[in-house]
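Presented below is the structure to which this report refers.
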Amino acid sequence: MERFILFTVNGFAFGAIYASVALALVIIWRATRVLNFAQGAQAVASAYVAWSVTDATGSFWLGVLAALVSGLVIGALVQLTVFRKAESMPHLNAVIVGVGLLILIQAVLGMAYSVETTRTIDAAFSSSKWQVAGTPLVSPQDVFVLGSVLLVMAGIGYLMAKTPVGLRMRAAAFAPDTARLMGVKVSRMLTLGWAVAGLAGAVAAILVVPTSAELTPQVMDGVFVLGFTAAVVGGLDSLVGAVVGGLGVGLVLSYTSGYLSSDLLYPAALVLLIVILLVKPEGLFSAAQARRV
Amino acid sequence: MTALLEVEGLNSGYGRLQVLHDFSVAVEQSTITAVLGANGAGKSTMLKSLSGLVRPTSGKVVFDGEDITKLPVEALIQRGFTHVPEGGGVIPELTVEENLRLGGLWRTGPSAAKTTADAIDEVYDLFERLRERRTFHGHQLSGGERQMLALGRALVAKPKMVLLDEPSLGLAPPIVARIMALLRDLRDQQGLTVLLVEQNVGSALGIADEGVVISVGKVVTRGPAADLQSDVKLRHAYLGF
């Protein structure tokens, strides 16, 4: 029972991080039908910004703030400079551009930050678990991770569903021509979407880097793959799907690596991906059915 | 009296394929002009060239005294110029209410929200059916409801002029009659100016003041709607009935 609780809590905590990455991918996919393979690398860049600011100022929270802002800025810049042209091209072009950008960002980070220094980002709070009736339950850091991701999701959900800007963004994503006829500046909305996605990615990086031994340009590679799996499970089209997909992937992987073997983490993700693509290829929450009408 | 919309010598198409040849039309304030023609005559391309979704290669579009030929698409609605595309352009993923709110998003200033809310209410008065279904998504609506929503969304903008691309397409005759009657009322009571593209010649000429017939991208004849309606040879030659 103790193990079950541990694996469940860890599953939710990691799942929340995958959900955050998935959310970033879904926001961009919905708007532009581009799968941003550089999302993980952009998030790592934000993590390096956090490290640099914390290193210079000594303030952890200033570093977090800088990472969030840089997430927005990098997201917008990447769209304006690289992806704007690729959006109107065949899908494969954007994939290649994304992979190229991924390699470029990792290379630049590797050059700018020498490997001789070991860099880490601390967890915001203690990772030692609170005990309830002698059973270790959750740690303050677990609560912080889940809380942060839920806050980001609620924020993005509110922005999208309840505000005029969100309505513009959705209209621009679903029907660009109609949106333009209604006076929506579509290209501006797409840039905004990439910025918001960059923010979600930066949050994921801030939360996941403390669980790694050190901050390296490749530190998000695995998380990106799992976030991508979560996005596909959720249906690529749905924000709710990204969240449910992220938590689901987190739980499945936590149980698999906990009860069976931690070597099975990535194989389990792959099996999950294949099963979903075979049984429900449109994902759990996709609006694809409705879209075809 | 100068026309609200004046189009002069418009040439347009896709890449090297020219679809529209030297198209001109003048639409007077508070009138309905019907542009008629068979499938592939260039009617939709003509409308898209007016609103900038397709960029004309030459020619001029003047609306309300302003040259709008090169304006960005998204700058037109605030000038009172709206285009309801073929099929209506209802966004299936959004609710009826959200689709309607899109029609007022261009407004700015402190009273913008109120003006739009009032305009949406007026549209609901016009189409009770939409009020009942305000929380439904676009994809849950029937074809007729979708067309009403598309027209309603344009009306939320309180436009001076509406371009309509085949509002009768795929609809049952009673619904077509209802939409046509509504357009006539909007012209007569609110002074709305309409440029209507139709294959449903009878319905369109029934409410139009002026008619323009195009064939393979060229104007073949124009005149008062009543004259076109009684011209049997023309109907046989270009409109197929």
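Ligands are numbered from 1 in the order shown, residues from 1 within each chain, and chains are lettered A, B, ... in the order they appear in the structure tokens.
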Closest pair table for chain B residues within 8 Å of chain A, only C-alpha atoms, as JSON lines:
```
{"residue": "B:Ser51", "atom": "CA", "partner": "A:Leu181", "partner_atom": "CA", "distance": 7.9}
{"residue": "B:Leu53", "atom": "CA", "partner": "A:Asp177", "partner_atom": "CA", "distance": 7.4}
{"residue": "B:Val73", "atom": "CA", "partner": "A:Arg180", "partner_atom": "CA", "distance": 5.9}
{"residue": "B:Glu74", "atom": "CA", "partner": "A:Gly183", "partner_atom": "CA", "distance": 3.9}
{"residue": "B:Ala75", "atom": "CA", "partner": "A:Gly183", "partner_atom": "CA", "distance": 6.0}
{"residue": "B:Leu76", "atom": "CA", "partner": "A:Gly183", "partner_atom": "CA", "distance": 7.0}
{"residue": "B:Ile77", "atom": "CA", "partner": "A:Gly183", "partner_atom": "CA", "distance": 5.8}
{"residue": "B:Gln78", "atom": "CA", "partner": "A:Gly183", "partner_atom": "CA", "distance": 7.4}
{"residue": "B:Thr82", "atom": "CA", "partner": "A:Leu181", "partner_atom": "CA", "distance": 6.9}
{"residue": "B:His83", "atom": "CA", "partner": "A:Leu181", "partner_atom": "CA", "distance": 6.6}
{"residue": "B:Pro85", "atom": "CA", "partner": "A:Thr178", "partner_atom": "CA", "distance": 7.8}
{"residue": "B:Gly89", "atom": "CA", "partner": "A:Thr178", "partner_atom": "CA", "distance": 5.9}
{"residue": "B:Val90", "atom": "CA", "partner": "A:Thr178", "partner_atom": "CA", "distance": 8.0}
{"residue": "B:Ile91", "atom": "CA", "partner": "A:Ala175", "partner_atom": "CA", "distance": 6.5}
{"residue": "B:Pro92", "atom": "CA", "partner": "A:Arg291", "partner_atom": "CA", "distance": 6.7}
{"residue": "B:Glu93", "atom": "CA", "partner": "A:Arg291", "partner_atom": "CA", "distance": 7.2}
{"residue": "B:Glu98", "atom": "CA", "partner": "A:Leu167", "partner_atom": "CA", "distance": 7.4}
{"residue": "B:Leu102", "atom": "CA", "partner": "A:Met182", "partner_atom": "CA", "distance": 6.3}
{"residue": "B:Gly103", "atom": "CA", "partner": "A:Met182", "partner_atom": "CA", "distance": 5.8}
{"residue": "B:Gly104", "atom": "CA", "partner": "A:Met182", "partner_atom": "CA", "distance": 7.9}
{"residue": "B:Leu105", "atom": "CA", "partner": "A:Pro164", "partner_atom": "CA", "distance": 7.2}
{"residue": "B:Trp106", "atom": "CA", "partner": "A:Gly183", "partner_atom": "CA", "distance": 5.5}
{"residue": "B:His139", "atom": "CA", "partner": "A:Ala290", "partner_atom": "CA", "distance": 6.1}
```
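Proximity to Thr33 (chain B) at 9 Å, evaluated using only C-alpha atoms and with sequence-adjacent residues fewer than 5 positions away removed, yields Ala26, Val27, Glu28, Thr193, Val194, Leu195, Leu196, Val197, Ala204, Leu205, Ile207, Ala208, Asp209, Glu210, Gly211, Val212 and Ala225 of chain B.
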From A:Ala204, A:Lys85, A:Ile274, A:Ser46, residue lying nearest Val149 (chain A) [only C-alpha atoms]: A:Ala204
Spatial neighbours of region 110-120 of chain B, max dist 12 Å, only C-alpha atoms, sep filter under 2 positions, as a PyMOL selection string: (chain A and resi 163-164) or (chain B and resi 96-108+122-128+130-131+134+149+151-159)
Residues as selected, C-alpha atoms, written as a compact mmCIF listing (two decimals), in the first residue's frame, can you do that?
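Output contents, as saved in selection_22.txt:
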```
# COMPACT_ATOMS: atom_id res chain seq x y z
CA THR A 163 -11.62 36.14 -22.73
CA PRO A 164 -12.02 37.98 -26.05
CA VAL B 96 -23.51 29.64 -31.43
CA GLU B 97 -22.96 32.44 -28.93
CA GLU B 98 -19.18 32.49 -29.52
CA ASN B 99 -19.67 32.56 -33.27
CA LEU B 100 -21.95 35.56 -32.85
CA ARG B 101 -19.50 37.30 -30.50
CA LEU B 102 -16.87 37.06 -33.24
CA GLY B 103 -18.97 39.50 -35.24
CA GLY B 104 -18.37 42.20 -32.63
CA LEU B 105 -14.76 41.56 -31.63
CA TRP B 106 -13.48 44.32 -33.91
CA ARG B 107 -15.17 46.99 -31.77
CA THR B 108 -13.00 48.98 -29.40
CA GLU B 122 -31.28 41.63 -31.90
CA VAL B 123 -30.01 38.67 -33.90
CA TYR B 124 -31.63 36.31 -31.38
CA ASP B 125 -34.90 38.22 -31.85
CA LEU B 126 -34.54 37.68 -35.56
CA PHE B 127 -33.74 33.96 -35.21
CA GLU B 128 -35.38 32.53 -32.08
CA LEU B 130 -30.41 30.48 -32.46
CA ARG B 131 -31.37 31.75 -29.02
CA ARG B 134 -26.93 29.41 -28.06
CA LEU B 149 -25.90 31.91 -37.76
CA LEU B 151 -25.87 35.83 -41.54
CA GLY B 152 -26.56 36.70 -37.90
CA ARG B 153 -22.84 36.93 -37.18
CA ALA B 154 -22.42 39.39 -40.05
CA LEU B 155 -25.33 41.44 -38.68
CA VAL B 156 -23.72 41.64 -35.22
CA ALA B 157 -21.10 43.83 -36.91
CA LYS B 158 -23.92 46.22 -37.96
CA PRO B 159 -22.47 46.44 -41.46
```
DSSP-assigned alpha helix (DSSP H) among region 171-275 of chain A, expressed as a ChimeraX atom specification: /A:171-174,176-181,186-208,221-234,239-255,265-275
Exercise: Thr135 (chain A) partners within 9 Å, only C-alpha atoms, chain neighbours under 5 positions left out, as a PDB file with C-alpha atoms, in the first residue's frame:
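To be explicit, this is the file written out as result_3.pdb:
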```
ATOM      1  CA  GLU A   2       2.819   2.337   0.916  1.00  0.00           C
ATOM      2  CA  ILE A   5       0.720   5.620  -2.671  1.00  0.00           C
ATOM      3  CA  TRP A 130       4.947  14.392   4.915  1.00  0.00           C
TER       4      TRP A 130
END
```
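Proximity to Gly100 (chain A) at 12 Å, evaluated using only C-alpha atoms and with sequence-adjacent residues fewer than 2 positions away removed, yields Asn36, Phe37, Ala38, Gln39, Ala41, Val82, Phe83, Asn93, Ala94, Val95, Ile96, Val97, Gly98, Leu102, Ile103, Leu104, Ile105, Gln106 and Ala107 of chain A.
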Leu17 (chain B): which residues within 12 Å, counting only C-alpha atoms, same-chain residues fewer than 4 positions away excluded, as a PDB file with C-alpha atoms, in the first residue's frame?
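For reference, part04.pdb as written:
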```pdb
ATOM      1  CA  ASN B  11      -8.821  40.874 -62.888  1.00  0.00           C
ATOM      2  CA  SER B  12      -8.168  38.069 -60.486  1.00  0.00           C
ATOM      3  CA  GLY B  13      -7.301  34.412 -60.162  1.00  0.00           C
ATOM      4  CA  HIS B  21     -11.746  39.059 -66.382  1.00  0.00           C
ATOM      5  CA  GLY B  42     -16.068  32.868 -61.045  1.00  0.00           C
ATOM      6  CA  THR B  45     -13.557  34.254 -56.726  1.00  0.00           C
ATOM      7  CA  PRO B  56      -6.766  40.875 -57.600  1.00  0.00           C
ATOM      8  CA  THR B  57      -3.992  41.326 -60.171  1.00  0.00           C
ATOM      9  CA  GLY B 217     -15.288  34.958 -65.494  1.00  0.00           C
TER      10      GLY B 217
END
```
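The space between CA of Gly245 (chain A) and CA of Ala50 (chain A) spans 27.7 Å.
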Residues within 9 Å of Phe228 (chain A), only C-alpha atoms, excluding chain neighbours under 3 positions, as a list of chain:residue names: A:Tyr18, A:Val21, A:Ala22, A:Leu25, A:Val223, A:Phe224, A:Val225, A:Ala231, A:Val232, A:Val233, A:Leu236
DSSP strand (DSSP E) residues within region 191-224 of chain B, listed as a compact mmCIF listing (two decimals) with N, CA and C atoms, in the first residue's frame:
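Final output, result.txt:
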```txt
# COMPACT_ATOMS: atom_id res chain seq x y z
N THR B 193 -27.13 47.19 -47.66
CA THR B 193 -26.75 46.98 -49.05
C THR B 193 -26.19 45.57 -49.18
N VAL B 194 -26.65 44.85 -50.23
CA VAL B 194 -26.28 43.45 -50.34
C VAL B 194 -25.73 43.14 -51.73
N LEU B 195 -24.62 42.43 -51.76
CA LEU B 195 -24.14 41.85 -53.02
C LEU B 195 -24.27 40.34 -52.85
N LEU B 196 -25.17 39.76 -53.63
CA LEU B 196 -25.57 38.38 -53.43
C LEU B 196 -25.11 37.54 -54.62
N VAL B 197 -24.37 36.49 -54.33
CA VAL B 197 -23.95 35.58 -55.37
C VAL B 197 -24.81 34.34 -55.29
N GLU B 198 -25.41 33.94 -56.39
CA GLU B 198 -26.35 32.81 -56.33
C GLU B 198 -26.37 31.96 -57.59
N GLU B 210 -30.90 44.78 -58.90
CA GLU B 210 -30.09 44.68 -60.12
C GLU B 210 -29.55 43.26 -60.23
N GLY B 211 -29.27 42.86 -61.47
CA GLY B 211 -28.67 41.55 -61.67
C GLY B 211 -27.47 41.64 -62.61
N VAL B 212 -26.47 40.82 -62.36
CA VAL B 212 -25.30 40.73 -63.23
C VAL B 212 -25.12 39.25 -63.53
N VAL B 213 -24.99 38.90 -64.80
CA VAL B 213 -24.78 37.49 -65.14
C VAL B 213 -23.34 37.33 -65.60
N ILE B 214 -22.62 36.39 -64.98
CA ILE B 214 -21.26 36.14 -65.45
C ILE B 214 -21.13 34.71 -65.94
N SER B 215 -20.25 34.55 -66.91
CA SER B 215 -19.98 33.24 -67.47
C SER B 215 -18.49 33.17 -67.78
N LYS B 218 -16.49 36.32 -67.11
CA LYS B 218 -16.77 37.59 -67.80
C LYS B 218 -18.24 37.95 -67.64
N VAL B 219 -18.50 39.25 -67.53
CA VAL B 219 -19.88 39.70 -67.46
C VAL B 219 -20.51 39.54 -68.84
N VAL B 220 -21.64 38.82 -68.92
CA VAL B 220 -22.30 38.67 -70.21
C VAL B 220 -23.49 39.60 -70.35
N THR B 221 -24.11 39.91 -69.23
CA THR B 221 -25.19 40.89 -69.30
C THR B 221 -25.48 41.42 -67.92
N ARG B 222 -26.12 42.58 -67.87
CA ARG B 222 -26.54 43.16 -66.59
C ARG B 222 -27.77 44.01 -66.82
N GLY B 223 -28.49 44.26 -65.75
CA GLY B 223 -29.67 45.09 -65.88
C GLY B 223 -30.58 44.94 -64.68
N PRO B 224 -31.72 45.62 -64.72
CA PRO B 224 -32.68 45.49 -63.62
C PRO B 224 -33.11 44.03 -63.48
```
For Ala173 (chain A), the nearest of the candidates B:Leu94, B:Leu169, B:Val232, B:Leu47, counting only C-alpha atoms: B:Leu94
